[in-house]
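Right, one structure below, let's go through it.
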Protein chains: 2
Amino acid sequence: MTTPTGRVRMSPETRREQLLDLGTRLLADRPLEAISIELLADEAGISRGLLYHYFGSLQEFHVAVVRRAVEDVYAITAPRGVGDPLEQLAVSLGAYVDYVSENHTGYVSLIRAAAGGNEELRTIYLDARRALTGRIFEIAGSDQLAALGVLDSPATRLLVDGWAAMVENVVVEWVADPHDLSREDLLRRLALALPAVLVA
Amino acid sequence: MTTPTGRVRMSPETRREQLLDLGTRLLADRPLEAISIELLADEAGISRGLLYHYFGSLQEFHVAVVRRAVEDVYAITAPRGVGDPLEQLAVSLGAYVDYVSENHTGYVSLIRAAAGGNEELRTIYLDARRALTGRIFEIAGSDQLAALGVLDSPATRLLVDGWAAMVENVVVEWVADPHDLSREDLLRRLALALPAVLVA
């Protein structure tokens, strides 16, 4: 269906998704705060009115873009169900490393915004990290954890969260400067660090 | 020496140190941004003029307080030179845990300010972390590292930095909620995680 001006008419949901796609694409190589009304207008002819119609404000658009970005990270790191838990973990970590490589500037700005004062972004970020680390317990299963002498306890969750902080720190730094560490070695190190931290 | 109004006259350096002592004391149980001119006036009768005289601005005072706080962390975590490297590490970690316990609100605000957009605080924070982790290489020495099969390489420094991020994350969370983990267990886990991560 086309409008009188010849534009394709899309459902509000499709239009919203399209704007979010654009936002996450723009976020790849610029910080969140650089996604301005002017940039959206230049890149895709999106007016302030249209953006406000779908998202209420530029700030809410930023929040929606971050939510989409962490959903993307969750989706692309989904376990493939192939191999033992450590192999699966290494594959998921590889997908995470690729994501951070392809979206380094935006991802770092997202982390900084979440780690800094923005409580809404912080909540989205921490929920996403909890979902990511929660998956580890699903993959490993209580039997495999028990075989390592590890219980799914609050203490274990605390340490897994610490491991996730380490992974994020190391990967973000590694993408900026590989420190003579191959991608394969990086993944192996990070994957093996998890049982090492839990069993230590 | 007293002034005509009966106040003790102090050297500028002493006065500056005294203001920094007050700032770090105030930072213990409130975030950095809550250290306002009004609070300083209420708590210690310090005027805007006096503060500006010694620090130039409230913001520069905040930066000087953060610098002092990270110097405090560095000083109190100094190795005692007793025991093997892992024992020394656990003792230093214990001092760090105590510091974070006693200064939780302010320390969290410092981390957030550094992790967020404030580049000056970020530089101070990262320099401090580099100094803290650098000490690990001094304590362990290349012989002990070599005995573990670990070289003092860029890759090792990257992983040690990741371990430091894990320690910070876990300790800050543990102080807020111990997750059924005793202080002793916490220290043991964090200390053992370092060789585990490096050797894995």
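So you can find residues: chains in the structure tokens are A, B, ... in the order shown, residues in each start at 1, and ligands are numbered from 1 in order.
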
* To do: Tell me, as a list in words, which residues lie within 9 Å of region 147-153 of chain A, counting only C-alpha atoms; anything in the same chain fewer than 4 positions away does not count.
  => Phe137, Ser142, Asp143, Arg157, Leu158, Pro195, Leu198 and Val199 of chain A; His179 and Asp180 of chain B

Those same residues - C-alpha atoms - I'd like them written as an mmCIF file, in the first residue's frame.
```cif
data_model
loop_
_atom_site.group_PDB
_atom_site.id
_atom_site.type_symbol
_atom_site.label_atom_id
_atom_site.label_comp_id
_atom_site.auth_asym_id
_atom_site.auth_seq_id
_atom_site.Cartn_x
_atom_site.Cartn_y
_atom_site.Cartn_z
ATOM 1 C CA PHE A 137 23.181 -22.603 34.807
ATOM 2 C CA SER A 142 22.792 -29.035 38.309
ATOM 3 C CA ASP A 143 24.319 -32.489 37.602
ATOM 4 C CA ARG A 157 25.718 -16.680 41.299
ATOM 5 C CA LEU A 158 27.811 -13.892 42.834
ATOM 6 C CA PRO A 195 35.016 -23.360 36.271
ATOM 7 C CA LEU A 198 33.852 -21.598 40.776
ATOM 8 C CA VAL A 199 35.908 -24.591 41.791
ATOM 9 C CA HIS B 179 25.178 -14.087 49.387
ATOM 10 C CA ASP B 180 25.835 -16.638 52.185
#
```

Restrict the calculation to only C-alpha atoms, then for each residue of region 91-189 of chain B with any atom at most 12 Å from an atom of region 53-60 of chain B give the closest atom pair and their distance in Å to one decimal, rows by chain and rising residue number, as JSON lines.
```
{"residue": "B:Asn118", "atom": "CA", "partner": "B:Gln59", "partner_atom": "CA", "distance": 11.0}
{"residue": "B:Glu120", "atom": "CA", "partner": "B:Glu60", "partner_atom": "CA", "distance": 10.0}
{"residue": "B:Leu121", "atom": "CA", "partner": "B:Glu60", "partner_atom": "CA", "distance": 10.5}
```

Closest-contact table, chain B side, partner chain A, 7 Å, counting only C-alpha atoms, as a tab-separated table:
```
residue	atom	partner	partner_atom	distance
B:Arg112	CA	A:Gly116	CA	4.6
B:Ala113	CA	A:Gly116	CA	5.7
B:Ala115	CA	A:Arg112	CA	5.5
B:Gly116	CA	A:Gly116	CA	3.8
B:Gly117	CA	A:Arg112	CA	6.8
B:Pro154	CA	A:His179	CA	5.0
B:Ala155	CA	A:His179	CA	5.1
B:Leu158	CA	A:Val170	CA	6.4
B:Leu159	CA	A:Val170	CA	6.6
B:Gly162	CA	A:Met166	CA	4.4
B:Trp163	CA	A:Met166	CA	5.9
B:Ala165	CA	A:Met166	CA	5.5
B:Met166	CA	A:Gly162	CA	4.4
B:Val167	CA	A:Gly162	CA	6.9
B:Asn169	CA	A:Gly162	CA	5.6
B:Val170	CA	A:Gly162	CA	5.3
B:His179	CA	A:Pro154	CA	5.0
B:Asp180	CA	A:Ala155	CA	6.1
B:Leu181	CA	A:Ala155	CA	5.7
B:Arg189	CA	A:Ala200	CA	6.1
B:Leu192	CA	A:Ala200	CA	5.8
B:Ala193	CA	A:Val197	CA	5.0
B:Ala196	CA	A:Ala196	CA	5.4
B:Val197	CA	A:Ala193	CA	5.0
B:Ala200	CA	A:Leu192	CA	5.8
```

* Counting only C-alpha atoms, what is within 10 Å of region 68-80 of chain B, bar same-chain residues fewer than 3 positions away, as a ChimeraX atom specification? -> /B:17,20-21,23-25,27-28,62-65,83,85,87-100,103,106-107,110,124-125,127-129,131-132,135-136,139

* Using DSSP on the backbone, list every residue of region 14-155 of chain A that comes out as alpha helix (DSSP H), and give them as a PyMOL selection string. => chain A and resi 14-27+37-44+48-55+58-76+85-102+104-115+119-147+154-155

* Asked: In Å, how far is it from CA of Val175 (chain B) to CA of His104 (chain B)?
  ->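 Result for CA of Val175 (chain B) versus CA of His104 (chain B): 7.5 Å, one decimal.
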
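For the pair CA of Ala34 (chain A) and CA of Thr105 (chain A), the interatomic distance is 10.8 Å.
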